[in-house]
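Listing of data.cif, mmCIF, C-alpha atoms
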data_query
loop_
_atom_site.group_PDB
_atom_site.id
_atom_site.type_symbol
_atom_site.label_atom_id
_atom_site.label_comp_id
_atom_site.auth_asym_id
_atom_site.auth_seq_id
_atom_site.Cartn_x
_atom_site.Cartn_y
_atom_site.Cartn_z
ATOM 1 C CA ILE L 1270 -0.096 4.183 2.187
ATOM 2 C CA ASN L 1271 -3.610 2.758 1.988
ATOM 3 C CA GLN L 1272 -3.708 -1.012 1.995
ATOM 4 C CA GLU L 1273 -6.152 -3.870 2.237
ATOM 5 C CA MET L 1274 -5.948 -7.602 2.797
ATOM 6 C CA LYS L 1275 -6.562 -9.631 -0.353
ATOM 7 C CA THR L 1276 -8.043 -13.112 -0.665
ATOM 8 C CA CYS L 1277 -4.523 -14.588 -0.656
ATOM 9 C CA GLY L 1278 -4.025 -13.281 2.884
ATOM 10 C CA HIS L 1279 -1.429 -10.648 1.894
ATOM 11 C CA TYR L 1280 -1.772 -6.875 2.100
ATOM 12 C CA CYS L 1281 -1.825 -4.836 -1.101
ATOM 13 C CA TYR L 1282 -2.773 -1.371 -2.345
ATOM 14 C CA PRO L 1283 -6.607 -1.078 -2.657
ATOM 15 C CA SER L 1284 -7.629 -2.055 -6.189
ATOM 16 C CA THR L 1285 -9.893 -4.410 -8.144
ATOM 17 C CA LEU L 1286 -7.307 -7.195 -7.860
ATOM 18 C CA LYS L 1287 -8.522 -10.085 -5.715
ATOM 19 C CA LYS L 1288 -4.988 -11.138 -4.782
ATOM 20 C CA CYS L 1289 -1.836 -9.163 -4.043
ATOM 21 C CA CYS L 1290 0.506 -8.166 -6.877
ATOM 22 C CA SER L 1291 2.817 -11.109 -6.297
ATOM 23 C CA CYS L 1292 0.060 -13.725 -6.157
ATOM 24 C CA GLU L 1293 -1.635 -12.230 -9.228
ATOM 25 C CA ASP L 1294 1.629 -12.290 -11.195
ATOM 26 C CA MET L 1295 1.414 -15.420 -13.362
ATOM 27 C CA ARG L 1296 4.314 -14.552 -15.691
ATOM 28 C CA PRO L 1297 6.841 -17.340 -16.239
ATOM 29 C CA ILE L 1298 10.223 -16.921 -14.582
ATOM 30 C CA PRO L 1299 12.828 -15.926 -17.223
ATOM 31 C CA PRO L 1300 16.064 -17.838 -17.803
ATOM 32 C CA PRO L 1301 19.062 -17.001 -15.587
ATOM 33 C CA GLY L 1302 20.670 -13.700 -16.509
ATOM 34 C CA GLU L 1303 17.505 -12.295 -18.117
ATOM 35 C CA GLY L 1304 14.933 -9.979 -16.621
ATOM 36 C CA TYR L 1305 11.355 -8.988 -17.375
ATOM 37 C CA GLU L 1306 10.206 -6.847 -20.264
ATOM 38 C CA CYS L 1307 9.877 -3.113 -19.612
ATOM 39 C CA TYR L 1308 9.829 0.105 -21.608
ATOM 40 C CA ILE L 1309 12.535 2.763 -21.143
ATOM 41 C CA ASP L 1310 12.118 6.216 -22.704
ATOM 42 C CA GLY L 1311 14.706 6.802 -25.411
ATOM 43 C CA ILE L 1312 15.615 3.130 -25.591
ATOM 44 C CA GLY L 1313 12.415 1.164 -26.082
ATOM 45 C CA TYR L 1314 11.525 -2.265 -24.761
ATOM 46 C CA THR L 1315 14.188 -4.156 -22.840
ATOM 47 C CA THR L 1316 14.322 -7.243 -20.609
ATOM 48 C CA THR L 1317 16.079 -5.584 -17.678
ATOM 49 C CA ALA L 1318 13.235 -5.208 -15.170
ATOM 50 C CA ASP L 1319 12.945 -7.076 -11.879
ATOM 51 C CA ARG L 1320 9.869 -9.210 -11.315
ATOM 52 C CA ASP L 1321 8.421 -6.818 -8.756
ATOM 53 C CA ASP L 1322 9.170 -3.552 -10.625
ATOM 54 C CA GLY L 1323 5.505 -3.056 -11.484
ATOM 55 C CA TYR L 1324 4.129 -4.029 -8.094
ATOM 56 C CA CYS L 1325 2.298 -1.559 -5.875
ATOM 57 C CA PRO L 1326 4.266 0.212 -3.091
ATOM 58 C CA VAL L 1327 2.724 -2.103 -0.495
ATOM 59 C CA CYS L 1328 4.023 -5.234 -2.237
ATOM 60 C CA ASN L 1329 7.319 -3.556 -3.138
ATOM 61 C CA THR L 1330 8.271 -0.577 -0.956
ATOM 62 C CA LYS L 1331 11.050 0.383 -3.414
ATOM 63 C CA ASN L 1332 8.324 1.443 -5.822
ATOM 64 C CA TYR L 1333 6.845 4.116 -3.542
ATOM 65 C CA ASP L 1334 8.366 7.189 -5.240
ATOM 66 C CA ARG L 1335 7.707 5.886 -8.746
ATOM 67 C CA TRP L 1336 4.181 4.812 -7.810
ATOM 68 C CA MET L 1337 3.308 8.143 -6.212
ATOM 69 C CA SER L 1338 4.759 9.993 -9.208
ATOM 70 C CA ARG L 1339 2.503 7.993 -11.534
ATOM 71 C CA VAL L 1340 -0.518 8.564 -9.285
ATOM 72 C CA GLN L 1341 0.159 12.321 -9.219
ATOM 73 C CA LYS L 1342 0.461 12.411 -13.020
ATOM 74 C CA GLU L 1343 -2.832 10.554 -13.397
ATOM 75 C CA LEU L 1344 -4.549 12.919 -10.949
ATOM 76 C CA GLU L 1345 -3.129 15.945 -12.747
ATOM 77 C CA GLN L 1346 -4.278 14.563 -16.090
ATOM 78 C CA LYS L 1347 -7.776 13.992 -14.705
ATOM 79 C CA ARG L 1348 -7.879 17.535 -13.288
ATOM 80 C CA ASN L 1349 -6.853 18.947 -16.656
ATOM 81 C CA GLU L 1350 -9.487 16.853 -18.444
ATOM 82 C CA ASP L 1351 -12.166 17.960 -15.960
ATOM 83 C CA GLU L 1352 -11.176 21.611 -16.414
ATOM 84 C CA ALA L 1353 -11.312 21.228 -20.190
ATOM 85 C CA LYS L 1354 -14.789 19.672 -19.934
ATOM 86 C CA LYS L 1355 -15.986 22.494 -17.671
ATOM 87 C CA LEU L 1356 -14.647 25.098 -20.088
ATOM 88 C CA LEU L 1357 -16.276 23.365 -23.049
ATOM 89 C CA LEU L 1358 -19.599 23.131 -21.200
ATOM 90 C CA LYS L 1359 -19.383 26.816 -20.226
ATOM 91 C CA GLU L 1360 -18.744 27.848 -23.830
ATOM 92 C CA LYS L 1361 -21.596 25.610 -25.001
ATOM 93 C CA ASN L 1362 -24.028 27.094 -22.471
ATOM 94 C CA GLU L 1363 -22.970 30.655 -23.308
ATOM 95 C CA ALA L 1364 -23.501 30.027 -27.030
ATOM 96 C CA ALA L 1365 -26.917 28.459 -26.362
ATOM 97 C CA GLU L 1366 -27.971 31.426 -24.227
ATOM 98 C CA LYS L 1367 -26.831 33.856 -26.911
ATOM 99 C CA ASP L 1368 -28.861 31.947 -29.511
ATOM 100 C CA ARG L 1369 -31.890 32.060 -27.215
ATOM 101 C CA ILE L 1370 -31.623 35.811 -26.599
ATOM 102 C CA ASN L 1371 -31.232 36.527 -30.301
ATOM 103 C CA ASN L 1372 -34.534 34.771 -31.014
ATOM 104 C CA CYS L 1373 -36.658 35.885 -28.052
ATOM 105 C CA ASP L 1374 -38.953 37.980 -30.238
ATOM 106 C CA LYS L 1375 -39.949 35.090 -32.523
ATOM 107 C CA ARG L 1376 -43.078 32.977 -32.100
ATOM 108 C CA HIS L 1377 -42.455 30.805 -35.133
ATOM 109 C CA GLY L 1378 -39.635 30.355 -37.579
ATOM 110 C CA THR L 1379 -36.261 28.791 -38.287
ATOM 111 C CA ILE L 1380 -33.203 29.070 -36.035
ATOM 112 C CA ARG L 1381 -29.682 28.118 -37.097
ATOM 113 C CA TYR L 1382 -27.790 27.507 -33.891
ATOM 114 C CA THR L 1383 -24.110 28.166 -33.269
ATOM 115 C CA ASN L 1384 -23.481 24.436 -32.748
ATOM 116 C CA GLY L 1385 -24.871 23.546 -36.184
ATOM 117 C CA ASP L 1386 -28.404 22.515 -35.143
ATOM 118 C CA VAL L 1387 -31.328 23.857 -37.174
ATOM 119 C CA TYR L 1388 -34.823 24.191 -35.685
ATOM 120 C CA SER L 1389 -38.035 24.998 -37.543
ATOM 121 C CA GLY L 1390 -41.307 25.435 -35.707
ATOM 122 C CA ASP L 1391 -43.034 27.135 -32.796
ATOM 123 C CA LEU L 1392 -41.018 29.223 -30.330
ATOM 124 C CA CYS L 1393 -41.408 30.845 -26.927
ATOM 125 C CA ASP L 1394 -38.791 32.968 -25.166
ATOM 126 C CA GLY L 1395 -36.241 31.947 -27.786
ATOM 127 C CA LEU L 1396 -36.715 28.198 -27.187
ATOM 128 C CA PRO L 1397 -38.544 25.463 -29.121
ATOM 129 C CA HIS L 1398 -42.055 25.397 -27.667
ATOM 130 C CA GLY L 1399 -45.062 23.832 -29.343
ATOM 131 C CA LYS L 1400 -44.553 21.790 -32.488
ATOM 132 C CA GLY L 1401 -41.380 21.711 -34.507
ATOM 133 C CA LYS L 1402 -38.422 19.837 -35.931
ATOM 134 C CA MET L 1403 -34.785 19.952 -34.825
ATOM 135 C CA GLU L 1404 -32.137 18.754 -37.256
ATOM 136 C CA TYR L 1405 -28.954 18.137 -35.292
ATOM 137 C CA GLY L 1406 -25.472 19.136 -36.411
ATOM 138 C CA GLU L 1407 -22.710 16.594 -36.904
ATOM 139 C CA ALA L 1408 -20.970 17.526 -33.633
ATOM 140 C CA ASN L 1409 -23.840 16.594 -31.295
ATOM 141 C CA GLU L 1410 -22.882 14.198 -28.479
ATOM 142 C CA ASP L 1411 -26.119 12.218 -28.788
ATOM 143 C CA ASP L 1412 -25.447 11.076 -32.382
ATOM 144 C CA ALA L 1413 -28.971 12.270 -33.165
ATOM 145 C CA ILE L 1414 -30.156 13.140 -36.661
ATOM 146 C CA TYR L 1415 -33.481 14.834 -35.932
ATOM 147 C CA TYR L 1416 -36.428 15.130 -33.569
ATOM 148 C CA VAL L 1417 -39.871 16.102 -34.783
ATOM 149 C CA GLY L 1418 -42.833 16.580 -32.513
ATOM 150 C CA GLU L 1419 -43.903 18.547 -29.468
ATOM 151 C CA TRP L 1420 -41.662 20.736 -27.293
ATOM 152 C CA VAL L 1421 -41.871 22.559 -23.968
ATOM 153 C CA SER L 1422 -39.206 25.144 -23.082
ATOM 154 C CA GLY L 1423 -36.578 23.625 -25.342
ATOM 155 C CA LYS L 1424 -37.145 19.989 -24.352
ATOM 156 C CA HIS L 1425 -39.011 17.101 -25.996
ATOM 157 C CA GLU L 1426 -42.397 17.019 -24.262
ATOM 158 C CA GLY L 1427 -45.540 15.295 -25.486
ATOM 159 C CA LYS L 1428 -45.506 13.158 -28.610
ATOM 160 C CA GLY L 1429 -42.659 12.982 -31.081
ATOM 161 C CA LYS L 1430 -40.113 10.939 -32.971
ATOM 162 C CA LYS L 1431 -36.337 11.018 -32.667
ATOM 163 C CA LEU L 1432 -33.907 9.409 -35.094
ATOM 164 C CA TRP L 1433 -30.273 8.572 -34.337
ATOM 165 C CA VAL L 1434 -27.498 7.194 -36.523
ATOM 166 C CA ASP L 1435 -27.637 3.530 -37.593
ATOM 167 C CA ASP L 1436 -31.437 3.790 -37.992
ATOM 168 C CA MET L 1437 -32.120 3.777 -34.246
ATOM 169 C CA TRP L 1438 -35.321 5.666 -33.425
ATOM 170 C CA TYR L 1439 -38.001 6.218 -30.819
ATOM 171 C CA GLU L 1440 -41.556 7.320 -31.497
ATOM 172 C CA GLY L 1441 -43.990 7.976 -28.712
ATOM 173 C CA GLU L 1442 -44.386 10.064 -25.587
ATOM 174 C CA TRP L 1443 -41.688 12.272 -24.038
ATOM 175 C CA ARG L 1444 -41.233 14.205 -20.813
ATOM 176 C CA HIS L 1445 -38.407 16.573 -19.871
ATOM 177 C CA GLY L 1446 -36.447 15.473 -22.943
ATOM 178 C CA MET L 1447 -36.624 11.774 -22.085
ATOM 179 C CA MET L 1448 -38.598 8.821 -23.414
ATOM 180 C CA HIS L 1449 -41.463 8.657 -20.958
ATOM 181 C CA GLY L 1450 -44.858 7.029 -21.510
ATOM 182 C CA LYS L 1451 -46.077 4.836 -24.366
ATOM 183 C CA GLY L 1452 -43.748 4.359 -27.311
ATOM 184 C CA ILE L 1453 -41.685 2.198 -29.627
ATOM 185 C CA HIS L 1454 -37.900 2.182 -29.479
ATOM 186 C CA HIS L 1455 -36.263 0.639 -32.544
ATOM 187 C CA VAL L 1456 -32.729 -0.128 -31.331
ATOM 188 C CA ASN L 1457 -31.889 -2.309 -34.338
ATOM 189 C CA ASP L 1458 -33.622 -4.835 -36.607
ATOM 190 C CA VAL L 1459 -33.583 -7.390 -33.772
ATOM 191 C CA ASP L 1460 -34.272 -5.287 -30.681
ATOM 192 C CA VAL L 1461 -37.559 -3.380 -30.857
ATOM 193 C CA LEU L 1462 -39.020 -2.234 -27.531
ATOM 194 C CA ASP L 1463 -42.765 -1.585 -27.634
ATOM 195 C CA GLY L 1464 -44.449 -0.542 -24.414
ATOM 196 C CA THR L 1465 -44.004 1.866 -21.520
ATOM 197 C CA PHE L 1466 -40.909 3.936 -20.765
ATOM 198 C CA GLU L 1467 -39.884 5.897 -17.670
ATOM 199 C CA GLU L 1468 -37.068 8.415 -17.924
ATOM 200 C CA ASP L 1469 -35.442 6.669 -20.907
ATOM 201 C CA GLU L 1470 -35.786 3.209 -19.304
ATOM 202 C CA PHE L 1471 -38.011 0.507 -20.816
ATOM 203 C CA CYS L 1472 -40.509 -0.825 -18.266
ATOM 204 C CA GLY L 1473 -42.345 -3.366 -20.411
#
Produce structure tokens that represent the structure in this file.
Amino acid sequence: INQEMKTCGHYCYPSTLKKCCSCEDMRPIPPPGEGYECYIDGIGYTTTADRDDGYCPVCNTKNYDRWMSRVQKELEQKRNEDEAKKLLLKEKNEAAEKDRINNCDKRHGTIRYTNGDVYSGDLCDGLPHGKGKMEYGEANEDDAIYYVGEWVSGKHEGKGKKLWVDDMWYEGEWRHGMMHGKGIHHVNDVDVLDGTFEEDEFCG
């Protein structure tokens, strides 16, 4: 089992805790005959747990099997979530490529994308290129409402304005789809950034 020495001088499983499980445990000691609160499937919350039941397997070696079982479940859950994200991204990319191919012959017009976005303006090779406006569908991850301005190969490039929900907007220069150059970023009524940006970061 991996372990590290904490500031209290005791060894513990590597984590963000500064002290070991026992030294970090500030719970009051229960009255004689009572234990600590815990949750048991099918029963609910009880006060039958020992003080060290939730400690890492370094601080309480009896917890090794239960600890490793929990770690394995968390790893499995993360793997499943990563696989789901990969599948979603693959489907998104496939739909975007299909939309592009279906509009390769256009040089100007309106495209209604599979994801709900609607673009009107100049096109090249099935992608926004030149001047145009993209109205984003409700499912977009960026919480954007629209972008109007200049495009290069499907990305914001040149001058343009983008509006997000809650009246957050940026108007100015773009490069590779990011705020880059001179512009104004209205975050809210208090925070308004006016100056130079580099790759979405305000430089002053």
Would you place a box with edges along x, y and z of the file around all atoms of region 1285-1294 of chain L listed there, add 3 Å to each of its six sides, and report the centre and edge lengths in Å to one decimal, as lines of an AutoDock Vina configuration file?
center_x = -3.5
center_y = -9.1
center_z = -7.6
size_x = 18.7
size_y = 15.3
size_z = 13.2
Coordinates-based distance that separates CA of Asn1384 (chain L) from CA of Asp1412 (chain L) (Å, one decimal):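 Pair CA of Asp1412 (chain L) / CA of Asn1384 (chain L) returns 13.5 Å.
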Grab the CA of Gly1441 (chain L) to CA of Val1459 (chain L) distance for me, in Å with one decimal place.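 Result for CA of Gly1441 (chain L) versus CA of Val1459 (chain L): 19.2 Å, one decimal.
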Return as a Markdown table the residues of region 1375-1416 of chain L lying at most 10 Å from region 1355-1368 of chain L, together with the closest atom-to-atom pair for each and the distance in Å to one decimal, counting only C-alpha atoms, with rows in chain order and ascending residue number.
| residue | atom | partner | partner_atom | distance |
| --- | --- | --- | --- | --- |
| L:Ile1380 | CA | L:Asp1368 | CA | 8.3 |
| L:Arg1381 | CA | L:Asp1368 | CA | 8.5 |
| L:Tyr1382 | CA | L:Asp1368 | CA | 6.3 |
| L:Thr1383 | CA | L:Ala1364 | CA | 6.5 |
| L:Asn1384 | CA | L:Ala1364 | CA | 8.0 |
| L:Gly1395 | CA | L:Asp1368 | CA | 7.6 |
| L:Leu1396 | CA | L:Asp1368 | CA | 9.0 |
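Within 7 Å of the point (-36.8, 29.4, -34.8), counting all atoms listed in the file, the protein and nucleic acid residues come to Asn1372, Lys1375, His1377, Gly1378, Thr1379, Ile1380, Tyr1388, Ser1389, Gly1390, Asp1391 and Leu1392 of chain L.
Straight-line separation from CA of Leu1344 (chain L) to CA of Gly1278 (chain L): 29.6 Å.
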Which residue is closest to Tyr1324 (chain L)? Choose from L:Glu1440, L:Glu1293, L:Glu1426, L:Glu1303 and count only C-alpha atoms.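 Of L:Glu1440, L:Glu1293, L:Glu1426, L:Glu1303, the one nearest Tyr1324 (chain L), counting only C-alpha atoms, is L:Glu1293.
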Using only C-alpha atoms, determine which residues lie at most 9 Å from Lys1288 (chain L), disregarding the query and same-chain residues fewer than 6 positions distant; provide the list as an MDAnalysis selection string. chainID L and resid 1274:1281
Neighbour residues at most 10 Å from (-48.0, 11.5, -32.6) (all atoms listed in the file) as a ChimeraX atom specification: /L:1417-1419,1427-1430,1440-1442,1452
List the residues matched by the PyMOL selection byres ((chain L and resi 1450) around 7) in the displayed structure as a list in words, ordered by chain and then by residue number.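 Selected by the PyMOL selection byres ((chain L and resi 1450) around 7) in this file: Glu1442, Trp1443, Met1448, His1449, Lys1451, Gly1452, Thr1465, Phe1466 and Glu1467 of chain L.
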So which one's closest to Arg1444 (chain L), L:Cys1289, L:Val1461, L:Val1421, L:Met1337? Using only C-alpha atoms, please.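 Among the listed residues, the smallest separation from Arg1444 (chain L) belongs to L:Val1421.
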Need the shell around Gly1385 (chain L): protein/DNA/RNA residues with any atom at most 9 Å away, counting all atoms listed in the file. Skip same-chain ones fewer than 5 positions apart. Format as a list in words?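 Using all atoms listed in the file, the neighbours found are Glu1404, Tyr1405, Gly1406, Glu1407, Ala1408 and Asn1409 of chain L.
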Give me, as a compact mmCIF listing (two decimals) with C-alpha atoms, in the coordinates of the input, all polymer residues having an atom no more than 10 Å from Met1437 (chain L), counting all atoms listed in the file and skipping those fewer than 4 positions away in the same chain.
# COMPACT_ATOMS: atom_id res chain seq x y z
CA ALA L 1413 -28.97 12.27 -33.16
CA ILE L 1414 -30.16 13.14 -36.66
CA LYS L 1431 -36.34 11.02 -32.67
CA LEU L 1432 -33.91 9.41 -35.09
CA TRP L 1433 -30.27 8.57 -34.34
CA HIS L 1454 -37.90 2.18 -29.48
CA HIS L 1455 -36.26 0.64 -32.54
CA VAL L 1456 -32.73 -0.13 -31.33
CA ASN L 1457 -31.89 -2.31 -34.34
CA ASP L 1458 -33.62 -4.84 -36.61
CA ASP L 1460 -34.27 -5.29 -30.68
CA VAL L 1461 -37.56 -3.38 -30.86
Shell around Pro1283 (chain L) at 7 Å using only C-alpha atoms, local window under 4 positions removed, as an MDAnalysis selection string: chainID L and resid 1271:1273
From L:Cys1393, L:Ile1312, L:Ile1298, L:Leu1286, residue lying nearest Cys1325 (chain L) [all atoms listed in the file]: L:Leu1286
Here is a test: counting all atoms listed in the file, which residue of L:Val1434, L:Ile1453, L:Cys1472, L:Ile1270 is nearest to Asp1334 (chain L)?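 The shortest atom-to-atom distance to Asp1334 (chain L) comes from L:Ile1270.
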I'd like to know which of L:Met1447, L:Ala1318, L:Val1340, L:Ile1370 is closest to Asp1394 (chain L), using all atoms listed in the file.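 Result for the nearest residue to Asp1394 (chain L): L:Ile1370.
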Do you know which residues the PyMOL selection byres ((chain L and resi 1319) around 10) returns on this file, as JSON, numbers by chain? {"L": [1303, 1304, 1305, 1306, 1307, 1316, 1317, 1318, 1320, 1321, 1322, 1323]}
